[in-house]
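Asks: Below are the structure tokens for one structure; questions will follow.
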Amino acid sequence: MTAEAIIERCRDLVTQPLGAVAEQWKTRHPGGKVVAVYPVWAPAEVIHAAGMLPLSLLGGGTSVELTHADARFQSFVCSIAKSTLELGFQGLVKGVDGFVYSNICDVARNLSSIYQRNFQDVFVEYLHLPQNSTSPSVAVYCASELRRLAAGFEQALGLGVTPMALSKSIDVYNALRARLRAFYAFRIAEPQKLSTVDLYVVLRAATLVPPEEAIPSLDTLLAELPQRSARPRDRLRVVIEGAFCEQPPIGLLEVLEEAGCYVVEDDLLLGWRWITGDVAGEGDPYDRLGAAYVNQAVPSSTRHEGREHRSVGLIEKVRRANAQAVIFMPAKFCEPALFDYVLMRQGLERAGIPHMLVEFEEKMWTFERTRNEIETFVESMMFD
Amino acid sequence: MPAQVTERQYQGQVHAVSRQLMSAWMEELGRAEAEGVPTGALMISGNCVELLRACHVLPMFPEVTALQAAIRKKSLPLILKAEQAGYSSDNCAYVKADIGLFLDGGMGPGKPIPFPTITVCNYVGCNVYVKWFEHLADISGSKLFMLDVPFARTAEPTEQDIRYVTAQLTELIALCESVSGKKFDIDELREILAHAARAEEGYARAKELCKNHPAPFDAYFDAINMMGPINVLRGTREAADFFDTAVKEFEGLVAQGLGPLSEERFRTVVEGPPPYPFYKSFRNLFSKWGAVGVASTYSTVGGIWEFGFRHDPRRPLESIAEQMLRENLTNRSIVARYAQIKRYVEEWKADALVIHSIKSCRLFSAGQGDMREYFTRDLGVPTLMVESDLEDPRYYAEAQIRNRIDAFFESLEHKKLVAAAH
Ligand code: SF4
Ligand code: SF4
């Protein structure tokens, strides 16, 4: 299959309702169960090890009109929280048996219990992601939290996790993440051959199919991409930061590139790339995942990192990707992103890295103003 | 509308003693730097103030500073300063007021509000806490200790939860020892916890007295006088004594059949923090209808004592951990809060639920529409929801709020009359 054909398939997959994705998989796996995870963190290995299909739960995007959820969440709450609840009300996640939320912010926390109250026939779990990054007890605690999740699956969905199965799942996801890293590395090297929109749909599609199925397609694509013919253009190399939870509309990603940027790093779908290398070590798989959470985690606004300043991880990303600027792209009303913006901005200014702010909403459909702003920013940088 | 209800303007000992105790604490804080006393910034919700006290680290509370700025109507310029520095209009304004105070030169070395020696983020439910204290530590250069308290997501805290929190408490003790230069003494902590338990008992008894008709005080608006002593000064003998005084005073009012208003016409349960910049005028909107808050959720952010939990000097660290994990409002889910409110409505015999939805505070407010659904549809409890802010005066639309409150109580009054006629 050609690169274009694979990307097209991915595009098609990401536009389908989550419930339909779940049902299709279940038709092929009678008796199977599906568990969807709200951003940011995705404990996919544990779900997979129980023989279930892990899916990313990313709200309603541009396609869902709010008819019930806006009466439950106020106007000052981000859109993804509302549209995720709306998916339930409109039956668009029918076929998904379980939902996992975690403590990324106050809104997600409230959403988790409100979701359960309104949809009592599905399994809902709320995971605590440790925020202390230096205590020796954190990795152990994180492992215990994953064990609790597995016990919940067994009790509510009747599917247990054995240590052996979890070790295997870790290997599979190590392999998947290695591919994802390869795509990111490729884009840094040759952004003209892999647009952010393409990378995004591929990445998102990889969160909607079993990893064993994703890997061969990703390998084909990785082999195909270098063959693409595209001349490098004179564009501004930027890092997108802040879009880790609510998803920016694809139109916005397109506009970024049309307005003269190469996005060379981003924090889209971060949870599926949380662990920055292979989960290391031998021994108990939960302990290994717990240790990876502490020591191999990608810097994120949803996790406190006591060992370094907020901006350090971002500056490192900029340097690693050989980027020239940062585009802060928080979702409207997203407190973790908006708070971090302040400290990150200060850090960038100290390091002399230019930046701009582009707020978005998943439902946004006109981008002209944003296009102008980005063009102006790019021009000011390129023709200085 | 029937005869005008008035406030009794009762300002008893509770009010006076609370002010006096809180002022003494603020003064102590103002002297701390000069006297070389180490300070520790803490959050109010489910805090471990007893531990800092036992470690001879003077607690300070940025939330109290923010609250005081709002109540003195000084918050807006501070908020604007923070917004100019890059904070969003959508960020919690409590944080912005505090940052604004620093940018305004009102906080820092040699100031009445000094920089903390250590910044202890008791992360109890509110994720903004994490951000706030990261920023405070960044500004002040003080050591940040992230005390990670797992959210209450199981019926009881798990063994691992308790072990995890107590392990961190032990690490915190070591940090405190290093800044105070004093050895931690567990027996001293036990003594402090005994004072804490006595204050908790007193606060719970005071709230219990609001089951009387009329309630002797407004458990939303007047509870603020008790929230300082219970959340900030807990663990001191003075705070424990304060609650003895309070209970005695309220018992006296109950004996005389007196409440905060000339007449108690409606009993409400109030959910959400108050609009501090308009505290008095917001209160008036309820008082004129004879509406008294007989229970409130806001008064339990630091701890839910009315349902029986007390710190236990025999199990010092474990009981501190339990309190942080389970026995406070903010570390529980919003749906668990429905159960708390339901209990208030039933046991305190309330006529209605008032939800004050706060834009700043998504911890409290995100999803309160669902709460309203539950109370009106599932339980048939008349529920009023109004929206403003606890710190930012720009979100307080008085006319709109007044109309909604008036319409709500008018209809409640009508229902009462109809019920009486049958
Ligand atoms: S978009 Fe931001 S505020 Fe909304 S749920 Fe996600 S992390 Fe929380
Ligand atoms: S979000 Fe709410 S609980 Fe958290 S700091 Fe702000 S006002 Fe306080």
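Residues in the structure tokens are named by chain (A, B, ... in the order shown) and by number from 1 within that chain; ligands are numbered from 1 in the order shown.
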Using only C-alpha atoms and all ligand atoms, which residues have at least one atom no more than 6 Å from ligand 2? Output them as a PyMOL selection string.

Replies: chain B and resi 92+94+126+128-129+360-363

Asks: Write the selection just made, keeping all heavy atoms, as a compact mmCIF listing (two decimals), in the first residue's frame?

Replies:
```txt
# COMPACT_ATOMS: atom_id res chain seq x y z
N CYS B 92 -7.88 30.61 37.47
CA CYS B 92 -8.42 30.87 38.81
C CYS B 92 -7.89 32.21 39.35
O CYS B 92 -6.68 32.42 39.43
CB CYS B 92 -8.01 29.73 39.75
SG CYS B 92 -8.32 30.10 41.47
N TYR B 94 -7.97 33.46 42.26
CA TYR B 94 -7.27 33.40 43.55
C TYR B 94 -5.76 33.46 43.31
O TYR B 94 -5.04 34.19 43.96
CB TYR B 94 -7.61 32.06 44.23
CG TYR B 94 -8.48 32.18 45.46
CD1 TYR B 94 -9.36 33.25 45.63
CD2 TYR B 94 -8.43 31.20 46.46
CE1 TYR B 94 -10.15 33.33 46.75
CE2 TYR B 94 -9.23 31.28 47.58
CZ TYR B 94 -10.09 32.34 47.73
OH TYR B 94 -10.87 32.42 48.85
N CYS B 126 -7.46 19.77 44.22
CA CYS B 126 -7.42 20.88 43.27
C CYS B 126 -6.12 20.90 42.47
O CYS B 126 -5.05 21.11 43.05
CB CYS B 126 -7.62 22.19 44.00
SG CYS B 126 -7.36 23.60 42.93
N VAL B 128 -5.25 23.15 40.42
CA VAL B 128 -4.72 24.51 40.38
C VAL B 128 -3.70 24.71 41.51
O VAL B 128 -2.75 25.48 41.37
CB VAL B 128 -5.88 25.53 40.47
CG1 VAL B 128 -5.38 26.94 40.68
CG2 VAL B 128 -6.74 25.45 39.23
N TYR B 129 -3.91 24.00 42.59
CA TYR B 129 -2.93 24.07 43.69
C TYR B 129 -1.51 23.78 43.18
O TYR B 129 -0.54 24.44 43.56
CB TYR B 129 -3.26 23.05 44.78
CG TYR B 129 -4.32 23.46 45.77
CD1 TYR B 129 -5.07 24.61 45.60
CD2 TYR B 129 -4.56 22.68 46.90
CE1 TYR B 129 -6.03 24.97 46.52
CE2 TYR B 129 -5.52 23.04 47.83
CZ TYR B 129 -6.26 24.18 47.64
OH TYR B 129 -7.20 24.54 48.56
N SER B 360 -13.95 30.99 38.57
CA SER B 360 -12.55 30.69 38.87
C SER B 360 -12.33 29.24 39.22
O SER B 360 -11.31 28.66 38.90
CB SER B 360 -12.08 31.51 40.07
OG SER B 360 -11.50 32.70 39.66
N CYS B 361 -13.27 28.70 39.94
CA CYS B 361 -13.01 27.44 40.62
C CYS B 361 -13.72 26.28 39.95
O CYS B 361 -14.82 25.90 40.31
CB CYS B 361 -13.44 27.55 42.08
SG CYS B 361 -13.02 26.08 43.01
N ARG B 362 -13.03 25.68 39.00
CA ARG B 362 -13.65 24.56 38.30
C ARG B 362 -13.72 23.33 39.19
O ARG B 362 -14.54 22.45 38.97
CB ARG B 362 -12.89 24.28 37.01
CG ARG B 362 -13.14 25.37 35.99
CD ARG B 362 -12.17 25.30 34.83
NE ARG B 362 -12.44 26.37 33.87
CZ ARG B 362 -11.98 27.62 34.00
NH1 ARG B 362 -11.25 27.96 35.05
NH2 ARG B 362 -12.25 28.53 33.10
N LEU B 363 -12.86 23.29 40.18
CA LEU B 363 -12.93 22.18 41.12
C LEU B 363 -14.33 22.12 41.73
O LEU B 363 -14.96 21.08 41.78
CB LEU B 363 -11.91 22.39 42.24
CG LEU B 363 -12.08 21.46 43.43
CD1 LEU B 363 -10.76 20.84 43.77
CD2 LEU B 363 -12.65 22.14 44.64
```

Asks: Could you give me the residues within segment 65-312 of chain B that DSSP places in strand (DSSP E or B), as a PyMOL selection string?

Replies: chain B and resi 107+113+118-124+143-149+261+266-271+291-296

Asks: Would you mind exporting the chosen residues as a tab-separated table (two decimals), in the first residue's frame, restricted to C-alpha atoms?

Replies:
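And here is the file that came out, selection31.tsv:
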```tsv
chain	number	residue	atom	x	y	z
B	107	MET	CA	4.71	40.16	49.12
B	113	ILE	CA	3.55	38.82	53.85
B	118	ILE	CA	9.25	26.27	52.21
B	119	THR	CA	6.27	25.85	49.91
B	120	VAL	CA	4.27	22.77	50.79
B	121	CYS	CA	1.73	21.96	48.14
B	122	ASN	CA	-0.82	19.75	49.83
B	123	TYR	CA	-2.32	18.63	46.54
B	124	VAL	CA	-5.72	17.70	47.82
B	143	LYS	CA	11.89	24.88	48.21
B	144	LEU	CA	8.74	23.26	46.85
B	145	PHE	CA	7.50	20.09	48.48
B	146	MET	CA	4.77	18.38	46.48
B	147	LEU	CA	2.65	16.42	48.90
B	148	ASP	CA	0.72	14.28	46.50
B	149	VAL	CA	-2.56	13.12	47.97
B	261	LEU	CA	-32.33	37.18	60.89
B	266	PHE	CA	-36.41	29.51	54.34
B	267	ARG	CA	-33.68	27.08	55.21
B	268	THR	CA	-31.12	26.61	52.48
B	269	VAL	CA	-28.09	24.45	51.87
B	270	VAL	CA	-25.48	26.45	50.01
B	271	GLU	CA	-22.97	24.95	47.63
B	291	ALA	CA	-33.31	32.69	53.78
B	292	VAL	CA	-30.71	31.25	56.14
B	293	GLY	CA	-27.98	28.85	55.15
B	294	VAL	CA	-28.29	25.97	57.58
B	295	ALA	CA	-25.47	23.97	56.03
B	296	SER	CA	-22.85	24.60	53.37
```

Asks: Give me, as an mmCIF file with N, CA, C and O atoms, in the first residue's frame, the contact residues of chain A against chain B at a cut-off of 7 Å, counting only C-alpha atoms.

Replies:
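Done, and the output landed in iface.cif:
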```
data_model
loop_
_atom_site.group_PDB
_atom_site.id
_atom_site.type_symbol
_atom_site.label_atom_id
_atom_site.label_comp_id
_atom_site.auth_asym_id
_atom_site.auth_seq_id
_atom_site.Cartn_x
_atom_site.Cartn_y
_atom_site.Cartn_z
ATOM 1 N N ALA A 71 -26.030 21.769 29.408
ATOM 2 C CA ALA A 71 -26.828 22.080 30.601
ATOM 3 C C ALA A 71 -26.120 21.577 31.851
ATOM 4 O O ALA A 71 -26.448 21.967 32.966
ATOM 5 N N ARG A 72 -25.164 20.719 31.667
ATOM 6 C CA ARG A 72 -24.482 20.137 32.837
ATOM 7 C C ARG A 72 -23.152 20.801 33.130
ATOM 8 O O ARG A 72 -22.731 20.885 34.274
ATOM 9 N N PHE A 73 -22.467 21.234 32.083
ATOM 10 C CA PHE A 73 -21.198 21.943 32.276
ATOM 11 C C PHE A 73 -21.362 23.386 31.814
ATOM 12 O O PHE A 73 -21.878 23.634 30.724
ATOM 13 N N GLN A 74 -20.863 24.299 32.637
ATOM 14 C CA GLN A 74 -21.074 25.718 32.364
ATOM 15 C C GLN A 74 -20.274 26.211 31.166
ATOM 16 O O GLN A 74 -19.390 25.530 30.657
ATOM 17 N N PHE A 76 -17.946 28.271 31.023
ATOM 18 C CA PHE A 76 -16.507 28.483 31.210
ATOM 19 C C PHE A 76 -15.712 27.176 31.328
ATOM 20 O O PHE A 76 -14.591 27.153 31.836
ATOM 21 N N VAL A 77 -16.329 26.102 30.877
ATOM 22 C CA VAL A 77 -15.628 24.813 30.912
ATOM 23 C C VAL A 77 -15.217 24.450 29.480
ATOM 24 O O VAL A 77 -15.957 24.705 28.530
ATOM 25 N N CYS A 105 -6.705 17.419 35.452
ATOM 26 C CA CYS A 105 -7.205 18.752 35.802
ATOM 27 C C CYS A 105 -8.510 18.583 36.573
ATOM 28 O O CYS A 105 -9.056 17.489 36.651
ATOM 29 N N ASP A 106 -9.019 19.694 37.080
ATOM 30 C CA ASP A 106 -10.232 19.637 37.901
ATOM 31 C C ASP A 106 -11.466 19.277 37.073
ATOM 32 O O ASP A 106 -12.393 18.645 37.568
ATOM 33 N N VAL A 107 -11.458 19.696 35.828
ATOM 34 C CA VAL A 107 -12.615 19.425 34.976
ATOM 35 C C VAL A 107 -12.707 17.926 34.659
ATOM 36 O O VAL A 107 -13.766 17.305 34.787
ATOM 37 N N ASN A 110 -14.058 16.040 37.626
ATOM 38 C CA ASN A 110 -15.512 16.094 37.812
ATOM 39 C C ASN A 110 -16.235 15.318 36.712
ATOM 40 O O ASN A 110 -17.230 14.647 36.966
ATOM 41 N N SER A 113 -16.728 11.444 37.394
ATOM 42 C CA SER A 113 -17.821 10.949 38.243
ATOM 43 C C SER A 113 -19.183 11.291 37.656
ATOM 44 O O SER A 113 -20.145 10.540 37.832
ATOM 45 N N ILE A 114 -19.257 12.410 36.947
ATOM 46 C CA ILE A 114 -20.545 12.760 36.320
ATOM 47 C C ILE A 114 -20.848 11.786 35.182
ATOM 48 O O ILE A 114 -21.994 11.386 34.971
ATOM 49 N N TYR A 126 -11.151 6.055 37.689
ATOM 50 C CA TYR A 126 -10.386 7.302 37.789
ATOM 51 C C TYR A 126 -9.032 6.969 38.376
ATOM 52 O O TYR A 126 -8.932 6.446 39.482
ATOM 53 N N HIS A 128 -5.187 7.854 39.680
ATOM 54 C CA HIS A 128 -4.393 8.936 40.235
ATOM 55 C C HIS A 128 -2.980 8.883 39.664
ATOM 56 O O HIS A 128 -2.227 7.955 39.930
ATOM 57 N N PRO A 130 0.567 10.115 39.967
ATOM 58 C CA PRO A 130 1.335 10.795 41.014
ATOM 59 C C PRO A 130 1.877 12.144 40.545
ATOM 60 O O PRO A 130 2.337 12.278 39.415
ATOM 61 N N GLN A 131 1.806 13.120 41.417
ATOM 62 C CA GLN A 131 2.315 14.458 41.106
ATOM 63 C C GLN A 131 3.636 14.739 41.811
ATOM 64 O O GLN A 131 4.305 15.704 41.512
ATOM 65 N N ASN A 132 3.949 13.911 42.769
ATOM 66 C CA ASN A 132 5.250 14.040 43.411
ATOM 67 C C ASN A 132 6.252 13.312 42.512
ATOM 68 O O ASN A 132 6.014 12.166 42.134
ATOM 69 N N SER A 135 9.797 11.626 45.462
ATOM 70 C CA SER A 135 9.762 10.683 46.582
ATOM 71 C C SER A 135 10.050 9.268 46.086
ATOM 72 O O SER A 135 9.558 8.867 45.029
ATOM 73 N N SER A 137 8.771 6.743 47.011
ATOM 74 C CA SER A 137 7.566 5.906 47.036
ATOM 75 C C SER A 137 6.681 6.067 45.797
ATOM 76 O O SER A 137 5.685 5.363 45.661
ATOM 77 N N TYR A 141 3.952 3.451 44.162
ATOM 78 C CA TYR A 141 2.545 3.842 44.219
ATOM 79 C C TYR A 141 1.907 3.762 42.840
ATOM 80 O O TYR A 141 0.793 3.267 42.675
ATOM 81 N N PHE A 333 -10.138 27.774 27.856
ATOM 82 C CA PHE A 333 -10.489 27.419 29.247
ATOM 83 C C PHE A 333 -9.631 26.304 29.838
ATOM 84 O O PHE A 333 -9.939 25.781 30.907
ATOM 85 N N GLU A 335 -7.111 25.116 31.957
ATOM 86 C CA GLU A 335 -6.274 25.699 33.009
ATOM 87 C C GLU A 335 -4.841 25.172 33.058
ATOM 88 O O GLU A 335 -3.915 25.968 33.167
ATOM 89 N N LEU A 338 -3.003 26.920 30.325
ATOM 90 C CA LEU A 338 -2.931 28.377 30.479
ATOM 91 C C LEU A 338 -2.008 28.783 31.627
ATOM 92 O O LEU A 338 -1.318 29.793 31.545
ATOM 93 N N PHE A 339 -1.988 28.008 32.676
ATOM 94 C CA PHE A 339 -1.052 28.308 33.769
ATOM 95 C C PHE A 339 0.390 28.092 33.315
ATOM 96 O O PHE A 339 1.267 28.914 33.556
ATOM 97 N N VAL A 342 2.475 30.732 31.318
ATOM 98 C CA VAL A 342 3.187 31.848 31.947
ATOM 99 C C VAL A 342 4.644 31.460 32.241
ATOM 100 O O VAL A 342 5.574 32.163 31.835
#
```

Asks: When distances are computed from only C-alpha atoms and all ligand atoms, which of A:Ile80, A:Cys261, A:Val14, A:Ala323 shows the smallest separation from ligand 1?

Replies: A:Ile80

Asks: Please compute the atom CA of Asp340 of chain A-atom CA of Gln247 of chain A distance, one decimal, in Å.

Replies: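 Value for the atom CA of Asp340 of chain A-atom CA of Gln247 of chain A distance: 17.8 Å.
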
Asks: Using only C-alpha atoms and all ligand atoms, find each residue with an atom at most 8 Å away from ligand 1 and format the answer as an NGL selection string.

Replies: :A and (39-40 or 77-81 or 104-108 or 243-246 or 302 or 330-337)

Asks: Work out how far apart atom CA of Trp25 of chain B and atom CA of Glu306 of chain B are and give it in Å to one decimal.

Replies: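 Atom CA of Glu306 of chain B lies at a distance of 25.7 Å from atom CA of Trp25 of chain B.
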
Asks: Just the number, please: distance in Å from atom CA of Pro59 of chain B to atom CA of Arg31 of chain B, one decimal.

Replies: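 Rounded to one decimal, the two atoms are 13.0 Å apart.
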
Asks: Between B:Ile79, B:Ile401, B:Leu103, B:Leu42, which one has atoms that come closest to Arg283 of chain B, using only C-alpha atoms?

Replies: B:Ile401

Asks: Got a sec: who's within 12 Å of Ala223 of chain B, counting only C-alpha atoms, leaving out chain neighbours fewer than 5 positions off, as a CSV table (one decimal) with C-alpha atoms, in the first residue's frame?

Replies:
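Result file is result-v3.csv:
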```csv
chain,number,residue,atom,x,y,z
B,14,VAL,CA,-17.4,34.5,67.8
B,15,HIS,CA,-16.8,37.3,65.4
B,18,SER,CA,-12.0,35.0,65.5
B,203,TYR,CA,-17.0,23.1,64.9
B,204,ALA,CA,-19.1,20.0,64.4
B,206,ALA,CA,-21.7,24.4,66.2
B,207,LYS,CA,-22.9,23.0,62.9
B,210,CYS,CA,-28.0,24.7,63.0
B,216,PRO,CA,-28.4,30.2,65.5
B,217,PHE,CA,-26.0,31.3,62.7
B,218,ASP,CA,-25.8,31.2,59.0
B,228,GLY,CA,-10.0,30.7,59.9
B,229,PRO,CA,-9.7,29.1,63.3
B,230,ILE,CA,-10.5,25.6,62.0
B,231,ASN,CA,-8.4,25.6,58.9
B,243,PHE,CA,-14.9,26.7,69.5
B,246,ALA,CA,-18.6,29.6,69.9
B,260,PRO,CA,-29.2,35.7,62.4
B,270,VAL,CA,-25.5,26.5,50.0
B,273,PRO,CA,-17.6,29.5,47.7
B,274,PRO,CA,-19.0,33.0,48.3
B,292,VAL,CA,-30.7,31.2,56.1
B,293,GLY,CA,-28.0,28.8,55.1
B,294,VAL,CA,-28.3,26.0,57.6
B,295,ALA,CA,-25.5,24.0,56.0
B,296,SER,CA,-22.8,24.6,53.4
B,297,THR,CA,-20.3,22.7,51.5
B,298,TYR,CA,-17.7,25.5,51.4
B,299,SER,CA,-17.3,25.3,55.1
B,300,THR,CA,-16.0,21.8,54.7
B,301,VAL,CA,-13.2,22.4,52.2
```

Asks: Which of these, B:Ser23, B:Leu390, B:Phe133, B:Leu76, has the shortest distance to Phe278 of chain B once you count only C-alpha atoms?

Replies: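 So, comparing all the options, the nearest one is B:Leu390.
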
Asks: DSSP on the backbone: what in segment 100-335 of chain B comes out alpha helix (DSSP H), as a ChimeraX atom specification?

Replies: /B:100-103,127-140,159-180,186-209,224-231,237-256,279-287,316-325,334-335

Asks: For Val378 of chain A, please output as a ChimeraX atom specification all residues within 12 Å (counting only C-alpha atoms; exclusion window: fewer than 4 positions along the same chain).

Replies: /A:234-238,256-262,324-327,354-356,371-374,382-384

Asks: Kindly indicate which residue among A:Gln296, A:Thr276, A:Thr370, A:Ser311 lies nearest to Glu241 of chain A, using only C-alpha atoms for the distances.

Replies: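 The shortest atom-to-atom distance to Glu241 of chain A comes from A:Ser311.
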
Asks: Near segment 268-270 of chain A, within 12 Å and counting only C-alpha atoms, which residues show up once chain neighbours fewer than 5 positions away are dropped, as number ranges by chain?

Replies: A: 37-43, 55-58, 177, 180-181, 184, 196-197, 199-207, 239-250, 253, 263, 275-276, 297-303, 329-331

Asks: Need the shell around Glu188 of chain B: protein/DNA/RNA residues with any atom at most 10 Å away, counting only C-alpha atoms. Skip same-chain ones fewer than 3 positions apart. Format as a PyMOL selection string?

Replies: chain B and resi 50-51+53-55+184-185+191-194+313

Asks: Nearest to Leu67 of chain B: which of B:Asp104, B:Glu347, B:Glu249, B:Asp98 is it, counting only C-alpha atoms?

Replies: B:Asp98

Asks: Measuring atom to atom with only C-alpha atoms, identify which of A:Gly352, A:Pro163, A:Pro211, A:Gly290 is nearest to His48 of chain A.

Replies: A:Pro211
